[in-house]
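J.: My file is input-v4.tsv. It has TSV, C-alpha atoms:
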chain	number	residue	atom	x	y	z
A	1	MET	CA	2.49	-8.75	5.57
A	2	ASN	CA	-1.03	-10.23	5.65
A	3	SER	CA	-1.11	-10.26	9.44
A	4	VAL	CA	0.29	-6.71	9.65
A	5	PHE	CA	-2.29	-5.15	7.32
A	6	HIS	CA	-5.05	-7.29	8.84
A	7	ALA	CA	-4.12	-6.04	12.32
A	8	LEU	CA	-4.15	-2.43	11.10
A	9	GLY	CA	-7.63	-2.86	9.58
A	10	ASP	CA	-9.37	-2.13	12.88
A	11	ALA	CA	-9.75	1.27	14.53
A	12	THR	CA	-9.48	-0.10	18.11
A	13	ARG	CA	-6.17	-1.75	17.30
A	14	ARG	CA	-4.86	1.34	15.53
A	15	ASN	CA	-5.79	3.40	18.61
A	16	MET	CA	-4.00	0.93	20.86
A	17	LEU	CA	-0.84	1.36	18.79
A	18	ARG	CA	-1.18	5.14	18.99
A	19	ASP	CA	-1.55	4.80	22.79
A	20	LEU	CA	1.63	2.72	22.99
A	21	THR	CA	3.66	5.50	21.41
A	22	GLY	CA	3.39	7.13	24.86
A	23	GLY	CA	5.25	4.21	26.47
A	24	GLU	CA	4.55	0.80	28.03
A	25	ARG	CA	0.94	-0.07	28.91
A	26	THR	CA	-0.70	-2.89	30.83
A	27	VAL	CA	-3.52	-4.83	29.15
A	28	SER	CA	-6.14	-3.04	31.28
A	29	GLN	CA	-4.59	0.35	30.49
A	30	LEU	CA	-4.87	-0.48	26.79
A	31	ALA	CA	-8.48	-1.61	27.21
A	32	GLN	CA	-9.54	1.38	29.31
A	33	PRO	CA	-10.32	4.01	26.60
A	34	PHE	CA	-12.66	1.62	24.78
A	35	ALA	CA	-16.09	0.42	25.81
A	36	ILE	CA	-14.98	-3.20	25.47
A	37	SER	CA	-14.42	-6.09	27.85
A	38	LEU	CA	-10.96	-7.08	28.99
A	39	ALA	CA	-11.41	-10.31	27.01
A	40	ALA	CA	-12.14	-8.37	23.82
A	41	ALA	CA	-9.16	-6.10	24.45
A	42	SER	CA	-6.97	-9.16	24.99
A	43	LYS	CA	-8.05	-10.52	21.62
A	44	HIS	CA	-7.09	-7.27	19.88
A	45	ILE	CA	-3.74	-7.26	21.67
A	46	LYS	CA	-3.16	-10.86	20.59
A	47	VAL	CA	-3.75	-9.88	16.93
A	48	LEU	CA	-1.23	-7.04	17.26
A	49	GLU	CA	1.20	-9.37	19.04
A	50	ASN	CA	0.91	-12.03	16.32
A	51	ALA	CA	1.65	-9.36	13.72
A	52	GLY	CA	4.80	-8.47	15.69
A	53	MET	CA	3.74	-4.92	16.51
A	54	ILE	CA	3.42	-5.49	20.25
A	55	ARG	CA	5.93	-7.13	22.57
A	56	ARG	CA	4.49	-8.44	25.83
A	57	GLU	CA	6.48	-8.80	29.02
A	58	VAL	CA	5.07	-10.61	32.04
A	59	ARG	CA	6.06	-9.01	35.35
A	60	GLY	CA	4.40	-10.93	38.14
A	61	ARG	CA	0.69	-10.65	37.49
A	62	THR	CA	0.90	-7.75	35.06
A	63	HIS	CA	1.39	-8.07	31.35
A	64	LEU	CA	3.26	-5.05	30.04
A	65	CYS	CA	2.91	-4.23	26.35
A	66	ARG	CA	5.23	-2.11	24.28
A	67	LEU	CA	5.30	-1.05	20.67
A	68	ASP	CA	7.56	-2.81	18.18
A	69	PRO	CA	7.67	-0.51	15.16
A	70	GLY	CA	9.41	-3.03	12.85
A	71	PRO	CA	6.29	-4.32	11.03
A	72	LEU	CA	4.99	-0.75	10.68
A	73	ALA	CA	8.26	0.13	8.97
A	74	SER	CA	7.83	-2.85	6.62
A	75	ALA	CA	4.25	-1.82	5.75
A	76	HIS	CA	5.45	1.75	5.15
A	77	GLU	CA	8.20	0.42	2.91
A	78	TRP	CA	5.73	-1.73	1.00
A	79	LEU	CA	3.49	1.29	0.36
A	80	SER	CA	6.46	3.43	-0.70
A	81	PHE	CA	6.60	1.43	-3.94
A	82	TYR	CA	3.38	3.23	-4.99
A	83	GLU	CA	4.68	6.67	-4.05
A	84	ARG	CA	5.59	7.50	-7.66
A	85	PHE	CA	1.92	7.06	-8.60
A	86	TRP	CA	0.52	9.55	-6.15
A	87	SER	CA	3.46	11.91	-6.41
A	88	SER	CA	3.23	11.88	-10.20
A	89	ARG	CA	-0.44	12.84	-9.85
A	90	LEU	CA	0.68	15.74	-7.68
A	91	ASP	CA	3.28	16.65	-10.31
A	92	VAL	CA	0.53	16.82	-12.93
A	93	LEU	CA	-1.54	19.03	-10.60
A	94	GLU	CA	1.47	21.27	-9.96
A	95	GLN	CA	2.09	21.64	-13.71
A	96	LEU	CA	-1.56	22.55	-14.26
A	97	LEU	CA	-1.42	25.20	-11.53
A	98	ARG	CA	1.84	26.62	-12.90
A	99	ALA	CA	0.39	26.77	-16.41
A	100	GLU	CA	-2.69	28.52	-15.01
A	101	ASP	CA	-0.49	30.99	-13.11
A	102	ALA	CA	1.57	31.66	-16.24
A	103	SER	CA	-1.51	32.35	-18.38
A	104	LYS	CA	-2.91	34.65	-15.67
A	105	SER	CA	0.27	36.72	-15.40
A	106	LYS	CA	0.37	37.09	-19.21
A	107	LYS	CA	-3.11	38.65	-19.49
A	108	PRO	CA	-2.85	41.88	-17.43
A	109	LYS	CA	0.22	43.50	-19.05
A	110	SER	CA	0.38	46.42	-16.59
A	111	ARG	CA	0.32	44.16	-13.52
A	112	LYS	CA	3.93	42.98	-13.65
A	113	THR	CA	4.61	44.11	-10.08
A	114	ALA	CA	1.12	43.21	-8.87
A	115	PRO	CA	2.15	40.66	-6.20
A	116	LYS	CA	4.48	43.19	-4.56
A	117	SER	CA	1.92	46.00	-4.39
A	118	LYS	CA	-0.60	43.48	-3.07
A	119	SER	CA	1.68	42.48	-0.19
A	120	ARG	CA	2.20	46.15	0.63
A	121	LYS	CA	-1.53	46.61	0.84
A	122	GLY	CA	-1.62	43.72	3.29
A	123	ASP	CA	0.95	45.45	5.50
A	124	GLU	CA	-1.40	48.33	6.30
B	1	MET	CA	-8.85	3.44	6.81
B	2	ASN	CA	-10.36	0.12	7.99
B	3	SER	CA	-11.34	-0.86	4.46
B	4	VAL	CA	-7.96	0.16	3.05
B	5	PHE	CA	-5.87	-1.87	5.49
B	6	HIS	CA	-8.36	-4.75	5.31
B	7	ALA	CA	-8.04	-4.80	1.51
B	8	LEU	CA	-4.24	-4.81	1.78
B	9	GLY	CA	-4.29	-7.76	4.20
B	10	ASP	CA	-4.46	-10.29	1.38
B	11	ALA	CA	-1.58	-11.32	-0.89
B	12	THR	CA	-3.81	-11.83	-3.98
B	13	ARG	CA	-5.18	-8.30	-3.65
B	14	ARG	CA	-1.72	-6.84	-3.10
B	15	ASN	CA	-0.51	-8.65	-6.24
B	16	MET	CA	-3.47	-7.29	-8.21
B	17	LEU	CA	-2.49	-3.76	-7.18
B	18	ARG	CA	1.10	-4.42	-8.21
B	19	ASP	CA	-0.19	-5.69	-11.57
B	20	LEU	CA	-2.24	-2.51	-12.08
B	21	THR	CA	0.90	-0.37	-11.79
B	22	GLY	CA	1.57	-1.58	-15.37
B	23	GLY	CA	-1.66	0.01	-16.64
B	24	GLU	CA	-5.35	-0.79	-17.08
B	25	ARG	CA	-6.43	-4.43	-16.78
B	26	THR	CA	-9.66	-6.27	-17.45
B	27	VAL	CA	-11.14	-8.43	-14.68
B	28	SER	CA	-9.99	-11.62	-16.44
B	29	GLN	CA	-6.49	-10.18	-16.93
B	30	LEU	CA	-6.34	-9.48	-13.19
B	31	ALA	CA	-7.59	-13.00	-12.39
B	32	GLN	CA	-5.24	-14.76	-14.81
B	33	PRO	CA	-2.02	-15.05	-12.71
B	34	PHE	CA	-3.88	-16.68	-9.81
B	35	ALA	CA	-5.34	-20.15	-9.61
B	36	ILE	CA	-8.75	-18.75	-8.68
B	37	SER	CA	-12.14	-18.59	-10.34
B	38	LEU	CA	-13.37	-15.45	-12.06
B	39	ALA	CA	-15.99	-15.13	-9.30
B	40	ALA	CA	-13.30	-15.20	-6.60
B	41	ALA	CA	-11.23	-12.64	-8.51
B	42	SER	CA	-14.31	-10.44	-8.83
B	43	LYS	CA	-14.77	-10.54	-5.06
B	44	HIS	CA	-11.17	-9.44	-4.50
B	45	ILE	CA	-11.59	-6.63	-7.03
B	46	LYS	CA	-14.78	-5.55	-5.27
B	47	VAL	CA	-12.91	-5.29	-1.96
B	48	LEU	CA	-10.22	-3.14	-3.60
B	49	GLU	CA	-12.91	-1.07	-5.32
B	50	ASN	CA	-14.79	-0.47	-2.06
B	51	ALA	CA	-11.53	0.67	-0.47
B	52	GLY	CA	-11.16	3.17	-3.34
B	53	MET	CA	-7.94	1.67	-4.69
B	54	ILE	CA	-9.45	0.50	-7.97
B	55	ARG	CA	-11.61	2.48	-10.38
B	56	ARG	CA	-13.70	0.39	-12.76
B	57	GLU	CA	-14.85	1.56	-16.15
B	58	VAL	CA	-17.38	-0.40	-18.17
B	59	ARG	CA	-16.69	-0.41	-21.91
B	60	GLY	CA	-19.28	-2.55	-23.65
B	61	ARG	CA	-18.86	-5.99	-22.12
B	62	THR	CA	-15.43	-5.41	-20.62
B	63	HIS	CA	-14.79	-3.99	-17.19
B	64	LEU	CA	-11.52	-2.08	-17.20
B	65	CYS	CA	-9.81	-1.58	-13.85
B	66	ARG	CA	-7.20	1.00	-13.04
B	67	LEU	CA	-5.25	1.88	-9.92
B	68	ASP	CA	-6.28	4.83	-7.77
B	69	PRO	CA	-3.29	5.49	-5.51
B	70	GLY	CA	-5.12	7.92	-3.18
B	71	PRO	CA	-5.95	5.46	-0.38
B	72	LEU	CA	-2.41	4.02	-0.59
B	73	ALA	CA	-1.09	7.53	-0.04
B	74	SER	CA	-3.37	7.91	3.00
B	75	ALA	CA	-2.21	4.60	4.47
B	76	HIS	CA	1.41	5.62	3.86
B	77	GLU	CA	0.74	8.94	5.58
B	78	TRP	CA	-0.89	7.17	8.55
B	79	LEU	CA	2.17	4.94	8.96
B	80	SER	CA	4.54	7.91	8.67
B	81	PHE	CA	3.45	8.98	12.16
B	82	TYR	CA	5.39	5.99	13.52
B	83	GLU	CA	8.50	6.75	11.47
B	84	ARG	CA	10.25	8.43	14.40
B	85	PHE	CA	10.01	5.15	16.32
B	86	TRP	CA	11.76	3.00	13.77
B	87	SER	CA	14.14	5.74	12.67
B	88	SER	CA	15.11	6.40	16.29
B	89	ARG	CA	15.87	2.69	16.62
B	90	LEU	CA	18.05	2.99	13.52
B	91	ASP	CA	19.72	6.03	15.11
B	92	VAL	CA	20.54	3.93	18.17
B	93	LEU	CA	21.94	1.21	15.91
B	94	GLU	CA	24.00	3.76	13.98
B	95	GLN	CA	25.43	5.15	17.21
B	96	LEU	CA	26.34	1.65	18.35
B	97	LEU	CA	28.10	0.93	15.05
B	98	ARG	CA	29.97	4.25	15.15
B	99	ALA	CA	31.05	3.61	18.74
B	100	GLU	CA	32.24	0.16	17.71
B	101	ASP	CA	34.11	1.63	14.71
B	102	ALA	CA	35.72	4.25	16.96
B	103	SER	CA	36.92	1.66	19.48
B	104	LYS	CA	38.29	-0.49	16.64
B	105	SER	CA	40.22	2.36	15.03
B	106	LYS	CA	41.75	3.25	18.43
B	107	LYS	CA	43.29	-0.19	18.93
B	108	PRO	CA	45.61	-0.55	15.91
B	109	LYS	CA	47.50	2.74	16.03
B	110	SER	CA	49.31	2.19	12.70
B	111	ARG	CA	46.05	1.75	10.68
B	112	LYS	CA	45.04	5.39	10.38
B	113	THR	CA	45.05	5.31	6.55
B	114	ALA	CA	43.63	1.82	6.34
B	115	PRO	CA	40.41	2.62	4.40
B	116	LYS	CA	42.36	4.37	1.60
B	117	SER	CA	44.91	1.61	1.10
B	118	LYS	CA	42.03	-0.87	1.12
B	119	SER	CA	40.26	0.91	-1.72
B	120	ARG	CA	43.48	0.98	-3.74
B	121	LYS	CA	43.74	-2.74	-3.31
B	122	GLY	CA	40.23	-3.05	-4.76
B	123	ASP	CA	41.28	-1.09	-7.86
B	124	GLU	CA	43.72	-3.79	-8.97
Let's see the structure in the file written out as structure tokens.

T.:
Amino acid sequence: MNSVFHALGDATRRNMLRDLTGGERTVSQLAQPFAISLAAASKHIKVLENAGMIRREVRGRTHLCRLDPGPLASAHEWLSFYERFWSSRLDVLEQLLRAEDASKSKKPKSRKTAPKSKSRKGDE
Amino acid sequence: MNSVFHALGDATRRNMLRDLTGGERTVSQLAQPFAISLAAASKHIKVLENAGMIRREVRGRTHLCRLDPGPLASAHEWLSFYERFWSSRLDVLEQLLRAEDASKSKKPKSRKTAPKSKSRKGDE
């Protein structure tokens, strides 16, 4: 998991992964969108390869890279453990908004059908 | 996103986050489970703080840390983009297993009610 998160901690590498979602790429194709040398690109690819997110296939002189989503799935799974913390924060927010809505609709006693008449106004 | 993934790329920091899911912790409480100095623990906490995953509150002489799940939610969201790649691989696997099941159930013609009788056996 260290190598996976480490590999994801760089924008160039994250962009390379995004690029690979379009299909196989050669090393120079992966390097092309960035103002970096082929050597620098190769280093980034190596980091992604060591983390298991890129599979490399040598066909003659070309190295073809393709995405292996397995480690991304593992990282996603790891983060899912914390989901209850951010979703519970959203629950609290939702409750606050509902309470606010409820107190609003209590105040103007004559406006029971207000949302309907409002939507009619919008239809004009 | 760089700082978030970078912060997650270390087992000690990931364990500190896990620890904080139990509630607020002081710096020395966070350091305690690891065979590291207080200074080293402080560095790790600083990395998590800079990535926005820890909020620190100073009460007198104690620094109380608590989890902020926001950046974890963002990282989870970022990874979700790739979900279709691993779930499509699972779909392929599921299809393969179904096809295998189908070919198996075709062979022994007398075993049409096999799953039911099997579950009855398990009830004994």

J.: Please provide the set of residues having any atom within 12 Å of Ser37 of chain A, restricted to only C-alpha atoms, with same-chain residues fewer than 6 positions apart removed, written as a PDB file with C-alpha atoms, keeping the file's coordinate frame.

T.:
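Written output follows (result06.pdb):
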ATOM      1  CA  VAL A  27      -3.520  -4.830  29.150  1.00  0.00           C
ATOM      2  CA  SER A  28      -6.140  -3.040  31.280  1.00  0.00           C
ATOM      3  CA  LEU A  30      -4.870  -0.480  26.790  1.00  0.00           C
ATOM      4  CA  ALA A  31      -8.480  -1.610  27.210  1.00  0.00           C
ATOM      5  CA  LYS A  43      -8.050 -10.520  21.620  1.00  0.00           C
ATOM      6  CA  HIS A  44      -7.090  -7.270  19.880  1.00  0.00           C
TER       7      HIS A  44
END

J.: Can you list every residue of chain A that has an atom at most 8 Å from chain B, with its nearest atom pair and the distance in Å to one decimal, using only C-alpha atoms, ordered by chain then number, as JSON lines?

T.:
{"residue": "A:Met1", "atom": "CA", "partner": "B:Gly9", "partner_atom": "CA", "distance": 7.0}
{"residue": "A:Asn2", "atom": "CA", "partner": "B:Gly9", "partner_atom": "CA", "distance": 4.3}
{"residue": "A:Ser3", "atom": "CA", "partner": "B:Gly9", "partner_atom": "CA", "distance": 6.6}
{"residue": "A:Val4", "atom": "CA", "partner": "B:Gly9", "partner_atom": "CA", "distance": 7.2}
{"residue": "A:Phe5", "atom": "CA", "partner": "B:Gly9", "partner_atom": "CA", "distance": 4.5}
{"residue": "A:His6", "atom": "CA", "partner": "B:Gly9", "partner_atom": "CA", "distance": 4.7}
{"residue": "A:Leu8", "atom": "CA", "partner": "B:Phe5", "partner_atom": "CA", "distance": 5.9}
{"residue": "A:Gly9", "atom": "CA", "partner": "B:Asn2", "partner_atom": "CA", "distance": 4.3}
{"residue": "A:Asp10", "atom": "CA", "partner": "B:Asn2", "partner_atom": "CA", "distance": 5.5}
{"residue": "A:Ala11", "atom": "CA", "partner": "B:Asn2", "partner_atom": "CA", "distance": 6.7}
{"residue": "A:Pro69", "atom": "CA", "partner": "B:Trp86", "partner_atom": "CA", "distance": 5.6}
{"residue": "A:Gly70", "atom": "CA", "partner": "B:Trp86", "partner_atom": "CA", "distance": 6.5}
{"residue": "A:Leu72", "atom": "CA", "partner": "B:Leu79", "partner_atom": "CA", "distance": 6.6}
{"residue": "A:Ala73", "atom": "CA", "partner": "B:Trp86", "partner_atom": "CA", "distance": 6.6}
{"residue": "A:Ala75", "atom": "CA", "partner": "B:Leu79", "partner_atom": "CA", "distance": 7.8}
{"residue": "A:His76", "atom": "CA", "partner": "B:His76", "partner_atom": "CA", "distance": 5.7}
{"residue": "A:Leu79", "atom": "CA", "partner": "B:His76", "partner_atom": "CA", "distance": 5.9}
{"residue": "A:Ser80", "atom": "CA", "partner": "B:His76", "partner_atom": "CA", "distance": 7.1}
{"residue": "A:Tyr82", "atom": "CA", "partner": "B:Pro69", "partner_atom": "CA", "distance": 7.1}
{"residue": "A:Glu83", "atom": "CA", "partner": "B:Ala73", "partner_atom": "CA", "distance": 7.1}
{"residue": "A:Phe85", "atom": "CA", "partner": "B:Pro69", "partner_atom": "CA", "distance": 6.3}
{"residue": "A:Trp86", "atom": "CA", "partner": "B:Pro69", "partner_atom": "CA", "distance": 5.6}

J.: If we count all atoms listed in the file, what is near segment 62-66 of chain B at a cut-off of 7 Å, once residues fewer than 4 positions away on the same chain are taken out, given as an MDAnalysis selection string?

T.: chainID B and resid 20 23:27 54:58

J.: One decimal, in Å: what's the spacing between atom CA of Arg61 of chain B and atom CA of Leu48 of chain B?

T.: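 Going from atom CA of Arg61 of chain B over to atom CA of Leu48 of chain B, I get 20.6 Å.
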
J.: Just give me the gap between atom CA of Glu49 of chain B and atom CA of Arg13 of chain B in Å, one decimal is fine.

T.: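 Straight-line distance from atom CA of Glu49 of chain B to atom CA of Arg13 of chain B works out to 10.7 Å.
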
J.: Rounded to one decimal in Å, what is the spacing between atom CA of Gln29 of chain A and atom CA of Ile45 of chain A?

T.: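 A separation of 11.7 Å between them.
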